[in-house]
>>> print(open('model24.cif').read())   # mmCIF, C-alpha atoms
data_model
#
loop_
_atom_site.group_PDB
_atom_site.id
_atom_site.type_symbol
_atom_site.label_atom_id
_atom_site.label_comp_id
_atom_site.auth_asym_id
_atom_site.auth_seq_id
_atom_site.Cartn_x
_atom_site.Cartn_y
_atom_site.Cartn_z
ATOM 1 C CA MET A 1 -0.634 -8.318 12.626
ATOM 2 C CA PRO A 2 1.005 -5.794 10.301
ATOM 3 C CA PHE A 3 2.631 -6.773 7.020
ATOM 4 C CA GLU A 4 6.180 -5.557 6.373
ATOM 5 C CA THR A 5 8.303 -5.489 3.249
ATOM 6 C CA ARG A 6 11.500 -3.748 2.185
ATOM 7 C CA PHE A 7 12.585 -1.942 -0.966
ATOM 8 C CA PHE A 8 15.520 0.107 -2.184
ATOM 9 C CA ILE A 9 15.056 3.587 -3.609
ATOM 10 C CA TYR A 10 16.224 3.853 -7.222
ATOM 11 C CA TRP A 11 17.409 6.874 -9.196
ATOM 12 C CA SER A 12 14.234 6.798 -11.308
ATOM 13 C CA GLN A 13 12.167 7.437 -8.158
ATOM 14 C CA THR A 14 13.922 10.711 -7.376
ATOM 15 C CA ASP A 15 13.397 14.233 -8.681
ATOM 16 C CA ALA A 16 15.882 16.945 -9.694
ATOM 17 C CA ALA A 17 16.597 17.677 -6.016
ATOM 18 C CA GLY A 18 17.734 14.068 -5.542
ATOM 19 C CA ILE A 19 14.888 13.109 -3.215
ATOM 20 C CA VAL A 20 11.838 10.912 -3.746
ATOM 21 C CA HIS A 21 8.974 12.918 -5.223
ATOM 22 C CA PHE A 22 5.908 12.976 -2.943
ATOM 23 C CA ALA A 23 3.732 11.044 -5.408
ATOM 24 C CA GLU A 24 6.289 8.225 -5.444
ATOM 25 C CA PHE A 25 5.499 7.500 -1.786
ATOM 26 C CA PHE A 26 2.107 6.205 -2.940
ATOM 27 C CA GLU A 27 3.853 4.005 -5.522
ATOM 28 C CA ILE A 28 5.971 2.545 -2.726
ATOM 29 C CA VAL A 29 2.816 1.817 -0.728
ATOM 30 C CA GLU A 30 1.167 0.225 -3.752
ATOM 31 C CA HIS A 31 4.182 -2.056 -4.234
ATOM 32 C CA ALA A 32 3.837 -3.070 -0.573
ATOM 33 C CA GLU A 33 0.122 -3.755 -1.090
ATOM 34 C CA GLU A 34 0.923 -5.996 -4.034
ATOM 35 C CA GLU A 35 3.450 -7.945 -1.943
ATOM 36 C CA PHE A 36 0.840 -8.229 0.817
ATOM 37 C CA TYR A 37 -1.741 -9.708 -1.573
ATOM 38 C CA ARG A 38 0.876 -12.021 -3.083
ATOM 39 C CA SER A 39 1.818 -13.290 0.390
ATOM 40 C CA ARG A 40 -1.851 -14.085 1.131
ATOM 41 C CA GLY A 41 -2.351 -15.963 -2.157
ATOM 42 C CA VAL A 42 -4.905 -13.482 -3.522
ATOM 43 C CA LEU A 43 -2.758 -11.318 -5.814
ATOM 44 C CA HIS A 44 -5.471 -11.294 -8.506
ATOM 45 C CA HIS A 45 -7.740 -9.281 -6.154
ATOM 46 C CA HIS A 46 -5.244 -6.397 -5.982
ATOM 47 C CA SER A 47 -6.046 -5.316 -9.564
ATOM 48 C CA ARG A 48 -9.744 -5.033 -8.670
ATOM 49 C CA LEU A 49 -9.219 -2.527 -5.865
ATOM 50 C CA PRO A 50 -8.769 1.003 -7.230
ATOM 51 C CA ARG A 51 -7.889 3.687 -4.692
ATOM 52 C CA VAL A 52 -10.605 6.208 -3.944
ATOM 53 C CA GLU A 53 -8.855 8.070 -1.137
ATOM 54 C CA ALA A 54 -5.239 8.531 -0.096
ATOM 55 C CA HIS A 55 -3.551 10.571 2.605
ATOM 56 C CA ALA A 56 0.106 10.937 3.568
ATOM 57 C CA THR A 57 2.031 12.944 6.100
ATOM 58 C CA PHE A 58 5.647 13.368 5.082
ATOM 59 C CA LYS A 59 8.235 13.366 7.855
ATOM 60 C CA SER A 60 11.641 12.957 6.245
ATOM 61 C CA PRO A 61 13.001 12.644 2.681
ATOM 62 C CA LEU A 62 14.125 9.467 0.968
ATOM 63 C CA ARG A 63 17.111 9.426 -1.371
ATOM 64 C CA ARG A 64 18.579 7.119 -4.008
ATOM 65 C CA GLY A 65 20.097 4.042 -2.398
ATOM 66 C CA ASP A 66 18.069 4.262 0.817
ATOM 67 C CA GLN A 67 16.478 1.048 1.974
ATOM 68 C CA VAL A 68 12.885 1.505 3.098
ATOM 69 C CA ARG A 69 10.651 -0.669 5.232
ATOM 70 C CA VAL A 70 6.942 -0.358 4.606
ATOM 71 C CA VAL A 71 4.551 -1.394 7.360
ATOM 72 C CA LEU A 72 1.047 -1.985 6.048
ATOM 73 C CA ARG A 73 -1.945 -2.530 8.339
ATOM 74 C CA PRO A 74 -5.474 -3.317 7.220
ATOM 75 C CA LEU A 75 -7.450 -0.882 9.391
ATOM 76 C CA GLU A 76 -10.924 -1.582 8.108
ATOM 77 C CA ILE A 77 -12.345 -4.361 5.950
ATOM 78 C CA ARG A 78 -15.980 -3.879 4.996
ATOM 79 C CA ASP A 79 -18.221 -5.424 2.380
ATOM 80 C CA LYS A 80 -16.856 -3.348 -0.530
ATOM 81 C CA VAL A 81 -14.099 -1.225 1.041
ATOM 82 C CA ILE A 82 -10.621 -1.882 2.430
ATOM 83 C CA LYS A 83 -8.646 0.784 4.310
ATOM 84 C CA TYR A 84 -4.905 0.375 4.940
ATOM 85 C CA GLY A 85 -2.697 2.373 7.229
ATOM 86 C CA PHE A 86 0.970 2.632 6.307
ATOM 87 C CA GLU A 87 4.300 3.747 7.676
ATOM 88 C CA ILE A 88 7.416 4.138 5.569
ATOM 89 C CA PHE A 89 10.695 3.924 7.486
ATOM 90 C CA ASN A 90 14.070 4.878 6.078
ATOM 91 C CA GLU A 91 16.151 1.922 7.238
ATOM 92 C CA THR A 92 19.333 3.664 6.082
ATOM 93 C CA THR A 93 18.896 6.613 8.438
ATOM 94 C CA GLY A 94 16.596 4.997 11.008
ATOM 95 C CA VAL A 95 14.000 7.755 10.556
ATOM 96 C CA LEU A 96 10.262 7.573 9.878
ATOM 97 C CA SER A 97 9.675 9.042 6.401
ATOM 98 C CA ALA A 98 5.882 9.008 6.026
ATOM 99 C CA THR A 99 2.615 7.817 7.509
ATOM 100 C CA GLY A 100 -0.853 7.676 6.046
ATOM 101 C CA TYR A 101 -3.656 5.570 4.710
ATOM 102 C CA VAL A 102 -5.307 4.490 1.471
ATOM 103 C CA VAL A 103 -8.893 3.440 0.864
ATOM 104 C CA ALA A 104 -9.760 1.028 -1.935
ATOM 105 C CA VAL A 105 -13.088 -0.236 -3.248
ATOM 106 C CA CYS A 106 -13.705 -3.567 -4.936
ATOM 107 C CA VAL A 107 -14.964 -3.301 -8.516
ATOM 108 C CA ASN A 108 -16.130 -5.665 -11.199
ATOM 109 C CA VAL A 109 -13.996 -5.075 -14.291
ATOM 110 C CA GLU A 110 -15.626 -7.768 -16.424
ATOM 111 C CA GLN A 111 -16.665 -6.727 -19.939
ATOM 112 C CA GLY A 112 -15.240 -3.236 -19.526
ATOM 113 C CA GLY A 113 -17.447 -2.415 -16.545
ATOM 114 C CA PHE A 114 -16.467 -0.586 -13.411
ATOM 115 C CA GLU A 115 -19.199 -1.564 -10.983
ATOM 116 C CA ILE A 116 -18.615 -1.588 -7.219
ATOM 117 C CA ARG A 117 -19.110 -5.065 -5.768
ATOM 118 C CA PRO A 118 -18.424 -6.966 -2.540
ATOM 119 C CA VAL A 119 -14.928 -8.234 -1.806
ATOM 120 C CA SER A 120 -14.900 -12.042 -2.101
ATOM 121 C CA THR A 121 -15.300 -13.851 1.216
ATOM 122 C CA GLY A 122 -12.149 -15.914 0.573
ATOM 123 C CA ALA A 123 -10.055 -12.790 0.087
ATOM 124 C CA VAL A 124 -11.576 -11.120 3.136
ATOM 125 C CA GLY A 125 -10.757 -14.129 5.318
ATOM 126 C CA ARG A 126 -7.152 -14.122 4.197
ATOM 127 C CA LEU A 127 -6.806 -10.384 4.694
ATOM 128 C CA GLU A 128 -8.509 -10.316 8.091
ATOM 129 C CA ARG A 129 -5.818 -12.557 9.522
ATOM 130 C CA HIS A 130 -3.512 -9.534 9.240
ATOM 131 C CA GLN A 131 -6.045 -7.018 10.568
ATOM 132 C CA LEU A 132 -5.368 -5.411 13.918
ATOM 133 C CA GLY A 133 -8.023 -5.985 16.554
#
>>> encode(input="model24.cif", output="structure tokens")
Amino acid sequence: MPFETRFFIYWSQTDAAGIVHFAEFFEIVEHAEEEFYRSRGVLHHHSRLPRVEAHATFKSPLRRGDQVRVVLRPLEIRDKVIKYGFEIFNETTGVLSATGYVVAVCVNVEQGGFEIRPVSTGAVGRLERHQLG
């Protein structure tokens, strides 16, 4: 089952042309990821999952004041890797703005380290409930 959340676009997210800069789309997705982890009760795991790959296809611009709906789908949950698909809809115009995916790996950040490690089984169980079959 996909996870959905909504946000408004703020002036600080736009560039000189008055539209959301392409890099900001990934910020929007990351905010949705954080809400997803919060809703599953495992928010602390989000900070241990740096992105190692990201892809987006832009369809339509977003502007200040637009309301967006982000649909986030866990596509793949493996021992140390989680891959999410996303869609960003402009609820103001009714148009799809972007699609894509991000890949994150679980790391151990204890004592300044950055070692790849398995995702905890408790977190995986909570995330898999949202995974599409």
>>> resolve_selection(input="model24.cif", expression="the PyMOL selection byres ((chain A and resi 58) around 10)", output="list in words")
Phe22, Phe25, His55, Ala56, Thr57, Lys59, Ser60, Pro61, Ile88, Leu96, Ser97, Ala98, Thr99 and Gly100 of chain A
>>> atom_distance(input="model24.cif", atom1="atom CA of A:Ile19", atom2="atom CA of A:Asn90")
12.4 Å
>>> atom_distance(input="model24.cif", atom1="atom CA of A:Thr14", atom2="atom CA of A:Leu62")
8.4 Å
>>> atom_distance(input="model24.cif", atom1="atom CA of A:Val102", atom2="atom CA of A:Glu30")
9.3 Å
>>> residues_around(input="model24.cif", residues="A:Ser12", least_positions_apart="5", cutoff="10 Å", atoms="all atoms listed in the file", output="number ranges by chain")
A: 18, 20, 24, 64
>>> residues_around(input="model24.cif", residues="A:Arg69", least_positions_apart="3", cutoff="7 Å", atoms="only C-alpha atoms", output="list in words")
Glu4, Thr5, Arg6, Phe7, Ile88, Phe89, Asn90 and Glu91 of chain A
>>> resolve_selection(input="model24.cif", expression="the PyMOL selection byres ((chain A and resi 73) around 12)", output="ChimeraX atom specification")
/A:1-5,29,32-33,36,70-72,74-77,82-88,99-103,127-133
>>> axis_aligned_box(input="model24.cif", around="stretch 47-56 of chain A", padding_each_side="8 Å", output="AutoDock Vina command-line options")
--center_x -5.2 --center_y 2.8 --center_z -3.0 --size_x 26.7 --size_y 32.3 --size_z 29.1
